>>> print(open('structure_4.cif').read())   # mmCIF, C-alpha atoms and all ligand atoms
data_start
loop_
_atom_site.label_atom_id
_atom_site.label_comp_id
_atom_site.auth_asym_id
_atom_site.auth_seq_id
_atom_site.Cartn_x
_atom_site.Cartn_y
_atom_site.Cartn_z
CA MET A 1 -111.51 -109.25 -184.91
CA ARG A 2 -110.90 -106.79 -182.03
CA ILE A 3 -114.62 -106.00 -181.82
CA GLY A 4 -115.35 -109.72 -181.67
CA ARG A 5 -112.96 -110.19 -178.77
CA GLN A 6 -114.39 -107.20 -176.94
CA ARG A 7 -117.92 -108.53 -177.36
CA ARG A 8 -116.88 -111.91 -176.01
CA SER A 9 -115.29 -110.26 -172.96
CA LEU A 10 -118.40 -108.18 -172.33
CA GLY A 11 -120.53 -111.30 -172.74
CA TRP A 12 -118.37 -113.01 -170.15
CA LEU A 13 -118.74 -110.10 -167.77
CA ALA A 14 -122.51 -110.08 -168.12
CA GLY A 15 -122.55 -113.85 -167.58
CA VAL A 16 -120.42 -113.66 -164.44
CA THR A 17 -122.56 -110.80 -163.06
CA GLY A 18 -125.73 -112.80 -163.71
CA ALA A 19 -124.25 -115.93 -162.10
CA VAL A 20 -123.08 -114.05 -158.97
CA ALA A 21 -126.47 -112.32 -158.66
CA ALA A 22 -128.25 -115.68 -159.02
CA ALA A 23 -125.91 -117.21 -156.41
CA LEU A 24 -126.71 -114.30 -154.07
CA LEU A 25 -130.42 -114.83 -154.56
CA VAL A 26 -130.10 -118.55 -153.78
CA THR A 27 -127.89 -117.86 -150.73
CA ASN A 28 -130.29 -115.17 -149.49
CA HIS A 29 -133.20 -117.58 -149.86
CA ALA A 30 -131.32 -120.48 -148.21
CA ALA A 31 -130.20 -118.28 -145.29
CA ALA A 32 -133.77 -117.06 -144.85
CA GLN A 33 -135.05 -120.66 -144.82
CA THR A 34 -132.38 -121.72 -142.30
CA PHE A 35 -133.41 -119.01 -139.85
CA GLU A 36 -137.12 -119.43 -140.69
CA LYS A 37 -137.32 -115.90 -141.99
CA THR A 38 -138.49 -114.26 -145.19
CA THR A 39 -135.19 -112.36 -145.35
CA PRO A 40 -132.04 -113.09 -143.35
CA TRP A 41 -131.13 -109.43 -142.88
CA VAL A 42 -133.66 -108.24 -140.29
CA PRO A 43 -135.44 -109.86 -137.33
CA ARG A 44 -138.38 -112.09 -138.15
CA GLY A 45 -141.52 -110.16 -139.02
CA PHE A 46 -144.81 -110.66 -137.18
CA SER A 47 -147.23 -108.13 -138.61
CA THR A 48 -149.81 -108.70 -141.33
CA PHE A 49 -147.70 -106.83 -143.88
CA SER A 50 -144.18 -107.92 -142.87
CA GLY A 51 -144.07 -110.56 -145.65
CA ASP A 52 -144.83 -107.90 -148.30
CA ILE A 53 -142.11 -105.60 -146.97
CA ASP A 54 -139.58 -108.44 -146.93
CA ALA A 55 -140.43 -109.48 -150.50
CA LEU A 56 -139.81 -105.89 -151.59
CA PHE A 57 -136.60 -105.76 -149.53
CA ASN A 58 -135.32 -108.97 -151.20
CA TRP A 59 -136.18 -107.69 -154.68
CA ILE A 60 -134.41 -104.35 -154.18
CA LEU A 61 -131.45 -106.10 -152.55
CA LEU A 62 -131.13 -108.39 -155.58
CA ILE A 63 -131.23 -105.51 -158.05
CA THR A 64 -128.77 -103.34 -156.15
CA CYS A 65 -126.39 -106.30 -155.60
CA ALA A 66 -126.49 -107.30 -159.29
CA THR A 67 -125.92 -103.66 -160.30
CA GLY A 68 -123.08 -103.26 -157.79
CA ILE A 69 -121.36 -106.46 -158.93
CA GLY A 70 -121.82 -105.51 -162.60
CA VAL A 71 -120.39 -102.02 -162.09
CA PHE A 72 -117.36 -103.31 -160.16
CA ALA A 73 -116.78 -106.09 -162.72
CA PHE A 74 -116.73 -103.50 -165.52
CA LEU A 75 -114.52 -101.20 -163.47
CA ILE A 76 -111.93 -103.94 -162.94
CA TYR A 77 -112.21 -105.02 -166.60
CA PHE A 78 -111.51 -101.48 -167.82
CA LEU A 79 -108.72 -100.97 -165.28
CA ILE A 80 -106.91 -103.99 -166.68
CA LYS A 81 -107.80 -103.51 -170.33
CA TYR A 82 -106.79 -99.86 -170.52
CA ARG A 83 -103.81 -99.98 -168.17
CA TYR A 84 -100.69 -98.06 -169.11
CA ARG A 85 -98.57 -99.62 -171.82
CA PRO A 86 -95.59 -97.90 -173.47
CA GLY A 87 -96.47 -96.40 -176.81
CA ARG A 88 -100.24 -96.79 -176.44
CA GLN A 89 -102.26 -93.85 -177.75
CA ALA A 90 -105.55 -92.56 -176.37
CA LYS A 91 -108.45 -92.85 -178.81
CA PHE A 92 -111.18 -90.22 -179.09
CA THR A 93 -114.75 -91.50 -179.24
CA HIS A 94 -118.09 -89.80 -179.80
CA GLY A 95 -119.86 -92.46 -177.77
CA SER A 96 -122.41 -94.99 -178.92
CA SER A 97 -126.09 -94.14 -179.26
CA LYS A 98 -126.97 -97.83 -179.16
CA LEU A 99 -125.16 -98.32 -175.85
CA GLU A 100 -126.70 -95.18 -174.40
CA LEU A 101 -130.15 -96.40 -175.34
CA VAL A 102 -129.49 -99.76 -173.68
CA TRP A 103 -128.23 -98.27 -170.42
CA THR A 104 -131.13 -95.86 -170.31
CA ILE A 105 -133.91 -98.31 -171.14
CA ILE A 106 -132.82 -101.15 -168.84
CA PRO A 107 -132.61 -99.05 -165.61
CA THR A 108 -135.86 -97.29 -166.57
CA LEU A 109 -137.60 -100.65 -166.86
CA ILE A 110 -136.13 -101.88 -163.57
CA LEU A 111 -137.18 -98.68 -161.78
CA ALA A 112 -140.66 -98.78 -163.34
CA ILE A 113 -141.18 -102.39 -162.22
CA THR A 114 -139.82 -101.61 -158.73
CA ALA A 115 -142.09 -98.58 -158.48
CA ALA A 116 -145.13 -100.59 -159.57
CA VAL A 117 -144.38 -103.42 -157.14
CA SER A 118 -143.61 -101.11 -154.21
CA GLN A 119 -146.64 -98.94 -154.94
CA ALA A 120 -148.91 -101.94 -154.37
CA THR A 121 -147.27 -102.64 -150.99
CA TRP A 122 -147.16 -98.95 -150.07
CA GLY A 123 -150.85 -98.58 -150.89
CA LYS A 124 -151.72 -101.59 -148.73
CA ILE A 125 -149.99 -100.01 -145.73
CA LYS A 126 -149.87 -96.24 -146.12
CA SER A 127 -152.82 -95.15 -148.25
CA ILE A 128 -155.77 -93.37 -146.66
CA ASP A 129 -158.00 -96.37 -147.46
CA ALA A 130 -155.62 -98.74 -145.71
CA MET A 131 -155.45 -96.66 -142.52
CA PRO A 132 -157.70 -98.17 -139.81
CA ASP A 133 -160.46 -95.78 -138.80
CA PRO A 134 -161.60 -95.95 -135.17
CA ALA A 135 -164.69 -93.89 -136.08
CA THR A 136 -166.07 -96.69 -138.27
CA ASP A 137 -164.34 -99.72 -136.80
CA PRO A 138 -164.68 -100.10 -133.01
CA ASN A 139 -162.07 -102.87 -133.05
CA VAL A 140 -159.29 -100.43 -133.82
CA ILE A 141 -157.11 -99.56 -130.83
CA GLU A 142 -155.72 -96.05 -130.83
CA VAL A 143 -152.57 -95.12 -128.97
CA ARG A 144 -150.49 -91.97 -129.14
CA VAL A 145 -146.72 -92.18 -129.13
CA VAL A 146 -144.62 -89.25 -127.95
CA ALA A 147 -140.87 -89.33 -128.57
CA ARG A 148 -138.45 -87.30 -126.51
CA GLN A 149 -134.73 -87.18 -125.88
CA PHE A 150 -134.32 -90.04 -124.97
CA GLY A 151 -137.35 -92.22 -124.49
CA TRP A 152 -140.91 -93.01 -125.52
CA ILE A 153 -144.25 -92.21 -123.93
CA PHE A 154 -147.24 -94.36 -124.91
CA TRP A 155 -150.46 -92.50 -124.28
CA TYR A 156 -153.73 -94.44 -123.90
CA PRO A 157 -157.00 -92.47 -123.92
CA GLY A 158 -158.52 -94.04 -120.79
CA LYS A 159 -162.02 -95.56 -120.36
CA ASP A 160 -163.75 -92.61 -122.04
CA GLY A 161 -161.81 -93.28 -125.26
CA LYS A 162 -160.83 -89.61 -125.42
CA PHE A 163 -157.34 -88.17 -125.33
CA GLY A 164 -157.08 -85.26 -122.94
CA HIS A 165 -155.94 -81.78 -123.80
CA ARG A 166 -152.26 -80.92 -123.60
CA SER A 167 -150.57 -77.60 -123.54
CA LYS A 168 -147.05 -76.35 -123.90
CA SER A 169 -147.68 -73.98 -120.97
CA LEU A 170 -148.08 -77.02 -118.67
CA VAL A 171 -144.57 -78.28 -119.40
CA PRO A 172 -142.33 -77.16 -116.51
CA ASP A 173 -138.61 -76.55 -116.95
CA GLY A 174 -136.63 -79.74 -116.50
CA ALA A 175 -139.77 -81.89 -116.81
CA GLN A 176 -139.16 -85.56 -116.00
CA GLN A 177 -142.56 -87.11 -115.37
CA PRO A 178 -144.56 -88.27 -118.43
CA ASP A 179 -147.52 -85.98 -117.52
CA ASP A 180 -145.20 -82.97 -117.39
CA LEU A 181 -143.23 -83.94 -120.47
CA ILE A 182 -146.32 -83.90 -122.67
CA GLY A 183 -148.07 -81.12 -120.71
CA LEU A 184 -151.21 -83.19 -120.08
CA ASP A 185 -153.99 -81.08 -118.59
CA ARG A 186 -155.17 -83.53 -115.88
CA GLU A 187 -156.84 -80.81 -113.80
CA GLY A 188 -158.39 -78.68 -116.48
CA ASP A 189 -159.72 -81.27 -118.89
CA PRO A 190 -161.99 -84.11 -117.62
CA ALA A 191 -161.02 -86.21 -120.67
CA ALA A 192 -157.40 -86.14 -119.49
CA LYS A 193 -158.11 -87.46 -116.00
CA ASP A 194 -158.19 -91.16 -116.89
CA ASP A 195 -155.52 -91.06 -119.60
CA VAL A 196 -152.77 -93.60 -119.04
CA LEU A 197 -149.15 -92.84 -119.87
CA LEU A 198 -146.68 -95.72 -120.04
CA ASN A 199 -143.12 -96.27 -121.14
CA GLN A 200 -144.01 -99.62 -122.66
CA LEU A 201 -146.46 -100.41 -125.42
CA PHE A 202 -149.10 -103.05 -124.76
CA VAL A 203 -151.31 -104.26 -127.59
CA PRO A 204 -153.55 -107.25 -128.13
CA VAL A 205 -152.64 -109.75 -130.85
CA LYS A 206 -154.60 -109.77 -134.15
CA ARG A 207 -156.12 -106.31 -133.67
CA LYS A 208 -155.48 -103.25 -135.77
CA ILE A 209 -153.40 -100.79 -133.77
CA LEU A 210 -153.49 -97.18 -134.94
CA LEU A 211 -150.65 -95.12 -133.57
CA HIS A 212 -150.27 -91.37 -133.85
CA VAL A 213 -146.66 -90.43 -133.37
CA THR A 214 -145.08 -87.10 -132.54
CA SER A 215 -142.04 -85.65 -130.79
CA VAL A 216 -141.61 -83.00 -128.12
CA ASP A 217 -138.08 -82.02 -129.14
CA VAL A 218 -136.13 -83.14 -132.21
CA ILE A 219 -136.97 -85.53 -135.04
CA HIS A 220 -136.89 -89.18 -133.97
CA SER A 221 -137.88 -92.31 -135.84
CA PHE A 222 -140.31 -94.74 -134.25
CA TYR A 223 -139.19 -98.22 -135.23
CA ILE A 224 -140.56 -101.67 -134.34
CA PRO A 225 -138.33 -104.02 -136.37
CA SER A 226 -140.46 -107.13 -135.75
CA MET A 227 -143.60 -105.35 -137.01
CA ARG A 228 -141.83 -103.67 -139.97
CA VAL A 229 -143.11 -100.33 -138.70
CA LYS A 230 -140.90 -97.28 -139.10
CA GLN A 231 -142.12 -93.69 -138.95
CA ASP A 232 -140.36 -90.39 -138.38
CA THR A 233 -141.74 -88.46 -135.42
CA MET A 234 -141.97 -84.73 -136.10
CA PRO A 235 -142.36 -82.04 -133.44
CA GLY A 236 -145.75 -80.36 -133.84
CA LEU A 237 -147.21 -83.04 -136.10
CA TRP A 238 -149.22 -86.20 -135.37
CA THR A 239 -148.40 -88.84 -137.98
CA PRO A 240 -150.59 -91.95 -138.23
CA VAL A 241 -149.05 -95.39 -138.60
CA TRP A 242 -150.62 -98.78 -137.98
CA PHE A 243 -149.89 -102.48 -137.63
CA GLU A 244 -151.58 -105.72 -136.71
CA ALA A 245 -149.44 -108.27 -134.87
CA THR A 246 -149.91 -111.87 -135.94
CA LYS A 247 -148.27 -113.46 -132.88
CA GLN A 248 -148.01 -112.76 -129.18
CA SER A 249 -144.54 -111.77 -128.02
CA ARG A 250 -144.46 -114.77 -125.62
CA GLU A 251 -144.90 -117.12 -128.62
CA VAL A 252 -141.89 -115.56 -130.34
CA VAL A 253 -139.51 -114.21 -127.69
CA GLY A 254 -140.57 -116.46 -124.82
CA VAL A 255 -141.30 -115.69 -121.16
CA THR A 256 -139.41 -114.59 -118.07
CA THR A 257 -139.48 -116.19 -114.61
CA GLN A 258 -141.36 -113.20 -113.16
CA GLN A 259 -145.11 -112.93 -112.72
CA PHE A 260 -145.40 -109.20 -112.46
CA LEU A 261 -147.72 -108.26 -115.30
CA PHE A 262 -150.53 -110.78 -115.29
CA GLY A 263 -150.14 -112.51 -111.91
CA ASP A 264 -151.12 -116.04 -112.82
CA ARG A 265 -148.72 -116.62 -115.71
CA PRO A 266 -145.07 -115.83 -116.45
CA ASP A 267 -144.40 -112.41 -117.97
CA PRO A 268 -143.84 -112.44 -121.72
CA ARG A 269 -140.61 -111.06 -123.12
CA PRO A 270 -141.25 -108.07 -125.34
CA PHE A 271 -140.42 -107.10 -128.90
CA ASP A 272 -138.03 -104.17 -129.28
CA VAL A 273 -139.08 -100.59 -129.97
CA VAL A 274 -136.15 -98.38 -130.95
CA CYS A 275 -135.31 -94.96 -132.34
CA ALA A 276 -133.96 -95.15 -135.89
CA GLU A 277 -132.89 -91.53 -136.25
CA LEU A 278 -129.66 -90.26 -134.73
CA CYS A 279 -131.18 -87.77 -132.29
CA GLY A 280 -128.46 -86.90 -129.80
CA LEU A 281 -126.01 -88.36 -127.30
CA GLY A 282 -128.52 -90.75 -125.72
CA HIS A 283 -129.87 -92.06 -129.02
CA TYR A 284 -128.32 -95.50 -128.47
CA GLY A 285 -130.42 -96.01 -125.35
CA MET A 286 -133.70 -94.73 -126.74
CA ARG A 287 -135.67 -97.93 -126.67
CA ALA A 288 -138.88 -99.35 -125.25
CA ASP A 289 -140.76 -102.64 -125.09
CA LEU A 290 -143.68 -103.86 -127.14
CA TYR A 291 -145.78 -106.51 -125.43
CA VAL A 292 -148.18 -108.27 -127.77
CA VAL A 293 -150.56 -110.14 -125.50
CA THR A 294 -153.94 -111.85 -125.64
CA GLU A 295 -157.09 -109.78 -125.81
CA GLU A 296 -157.95 -110.84 -122.27
CA GLU A 297 -154.53 -109.93 -120.87
CA TYR A 298 -154.68 -106.58 -122.61
CA ASN A 299 -158.12 -105.77 -121.26
CA THR A 300 -157.15 -106.83 -117.75
CA TYR A 301 -153.85 -104.97 -117.63
CA ILE A 302 -154.67 -101.76 -119.50
CA GLY A 303 -158.26 -101.76 -118.18
CA THR A 304 -157.00 -101.90 -114.60
CA LEU A 305 -154.53 -99.09 -115.21
CA MET A 306 -157.29 -96.95 -116.74
CA GLU A 307 -159.60 -97.57 -113.80
CA GLU A 308 -156.86 -96.84 -111.29
CA GLN A 309 -156.02 -93.64 -113.11
CA ALA A 310 -159.67 -92.56 -113.26
CA ALA A 311 -160.09 -93.22 -109.54
CA ALA A 312 -156.80 -91.59 -108.57
CA ASP A 313 -157.10 -88.66 -106.25
CA ASP A 314 -155.36 -85.89 -108.05
CA GLY A 315 -154.57 -84.24 -104.72
CA PHE A 316 -156.25 -80.89 -105.40
CU CU A 401 -134.47 -90.61 -130.98
#
>>> encode(input="structure_4.cif", output="structure tokens")
Amino acid sequence: MRIGRQRRSLGWLAGVTGAVAAALLVTNHAAAQTFEKTTPWVPRGFSTFSGDIDALFNWILLITCATGIGVFAFLIYFLIKYRYRPGRQAKFTHGSSKLELVWTIIPTLILAITAAVSQATWGKIKSIDAMPDPATDPNVIEVRVVARQFGWIFWYPGKDGKFGHRSKSLVPDGAQQPDDLIGLDREGDPAAKDDVLLNQLFVPVKRKILLHVTSVDVIHSFYIPSMRVKQDTMPGLWTPVWFEATKQSREVVGVTTQQFLFGDRPDPRPFDVVCAELCGLGHYGMRADLYVVTEEEYNTYIGTLMEEQAAADDGF
């Protein structure tokens, strides 16, 4: 009789948990639809793999929400059921092997499915095979990203396609200029002469962009929310990360009234680049802009900068 009542209560709890989780799933989906997103929790994604990441995000969110609701429902149930009552005696139990099996097998299955699903997405983005290779694919654009307290330097290789040499010994005390901050050897290495250093990232739409990220001081995290790209930047290590934007930033974020960048048309507004690792007092302001532009605009703008840099009189 008592067991029967307990089972019914547990059945109820499981039912309520399932219903709340299902309601969450529907609400999540509806909110996403309303804002034309694949998940309502982060900005809209515009890289080739953002949909995969969001699907994974939604799946993990559903599981963790259902688990959280279930755990709290049980907690409240036990709090009420076993509250203090005069004369009630504690009962010793050896536990239940059946119950232990159930709560071991179910999470194992959930974790195994999550691992299998995320492995497929991970492999598509992070595996060696998935990494774009500029040596075999000339369409890949390679840019280096250097993080520092508190800003970003985007380093383009120049017309020769080669990144110049850099040395710690070329970094003066209190360095402020990008060249100094990364210790670029403009005078000693011909490959460095035409390298272009910017504090904004320009890339053409629908091209594979291979970034190598590093830091000159502490650990930062290079994050482009709209591209679903996030990578820790480690001092002394170049870490590859890539993305391919599916839309120009002007199509998504619009344009400004200025005509500074491309002369004949209004400047696009950029996507955000931020630091996602608490890295010091100025962390909040450690951001940059990502302009995703047409192939032609990219070639004109970056090409001009590279030529200007190559022709620049270095003054020595
Ligand atoms: Cu940072």
>>> residues_near_ligand(input="structure_4.cif", ligand="ligand CU 401 (chain A)", cutoff="6 Å", atoms="all atoms listed in the file", output="PyMOL selection string")
chain A and resi 220+275+277+279+283+286
>>> residues_around(input="structure_4.cif", residues="Thr239 in chain A", least_positions_apart="2", cutoff="10 Å", atoms="all atoms listed in the file", output="PyMOL selection string")
chain A and resi 144-145+211-214+231-234+236-237+241
>>> write_last_selection(input="structure_4.cif", atoms="C-alpha atoms", output="PDB file, in the frame of the given file")
ATOM      1  CA  ARG A 144    -150.490 -91.970-129.140  1.00  0.00           C
ATOM      2  CA  VAL A 145    -146.720 -92.180-129.130  1.00  0.00           C
ATOM      3  CA  LEU A 211    -150.650 -95.120-133.570  1.00  0.00           C
ATOM      4  CA  HIS A 212    -150.270 -91.370-133.850  1.00  0.00           C
ATOM      5  CA  VAL A 213    -146.660 -90.430-133.370  1.00  0.00           C
ATOM      6  CA  THR A 214    -145.080 -87.100-132.540  1.00  0.00           C
ATOM      7  CA  GLN A 231    -142.120 -93.690-138.950  1.00  0.00           C
ATOM      8  CA  ASP A 232    -140.360 -90.390-138.380  1.00  0.00           C
ATOM      9  CA  THR A 233    -141.740 -88.460-135.420  1.00  0.00           C
ATOM     10  CA  MET A 234    -141.970 -84.730-136.100  1.00  0.00           C
ATOM     11  CA  GLY A 236    -145.750 -80.360-133.840  1.00  0.00           C
ATOM     12  CA  LEU A 237    -147.210 -83.040-136.100  1.00  0.00           C
ATOM     13  CA  VAL A 241    -149.050 -95.390-138.600  1.00  0.00           C
TER      14      VAL A 241
END
>>> axis_aligned_box(input="structure_4.cif", around="range 105-109 of chain A", padding_each_side="5 Å", output="AutoDock Vina command-line options")
--center_x -135.1 --center_y -99.2 --center_z -168.4 --size_x 15.0 --size_y 13.9 --size_z 15.5
>>> atom_distance(input="structure_4.cif", atom1="CA of Pro138 in chain A", atom2="CA of Tyr156 in chain A")
15.3 Å
>>> residues_around(input="structure_4.cif", residues="range 26-30 of chain A", least_positions_apart="5", cutoff="9 Å", atoms="all atoms listed in the file", output="list in words")
Ala21, Phe35, Thr38, Thr39, Pro40, Trp41 and Asn58 of chain A
>>> atom_distance(input="structure_4.cif", atom1="CA of Gln6 in chain A", atom2="CA of Gly18 in chain A")
18.3 Å
>>> closest_residue(input="structure_4.cif", among="A:His94, A:Arg265, A:Arg207, A:Arg148", to="Trp242 in chain A", atoms="only C-alpha atoms")
A:Arg207
>>> closest_residue(input="structure_4.cif", among="A:Ile60, A:Ile80, A:Val146, A:Val71", to="Ile110 in chain A", atoms="all atoms listed in the file")
A:Ile60
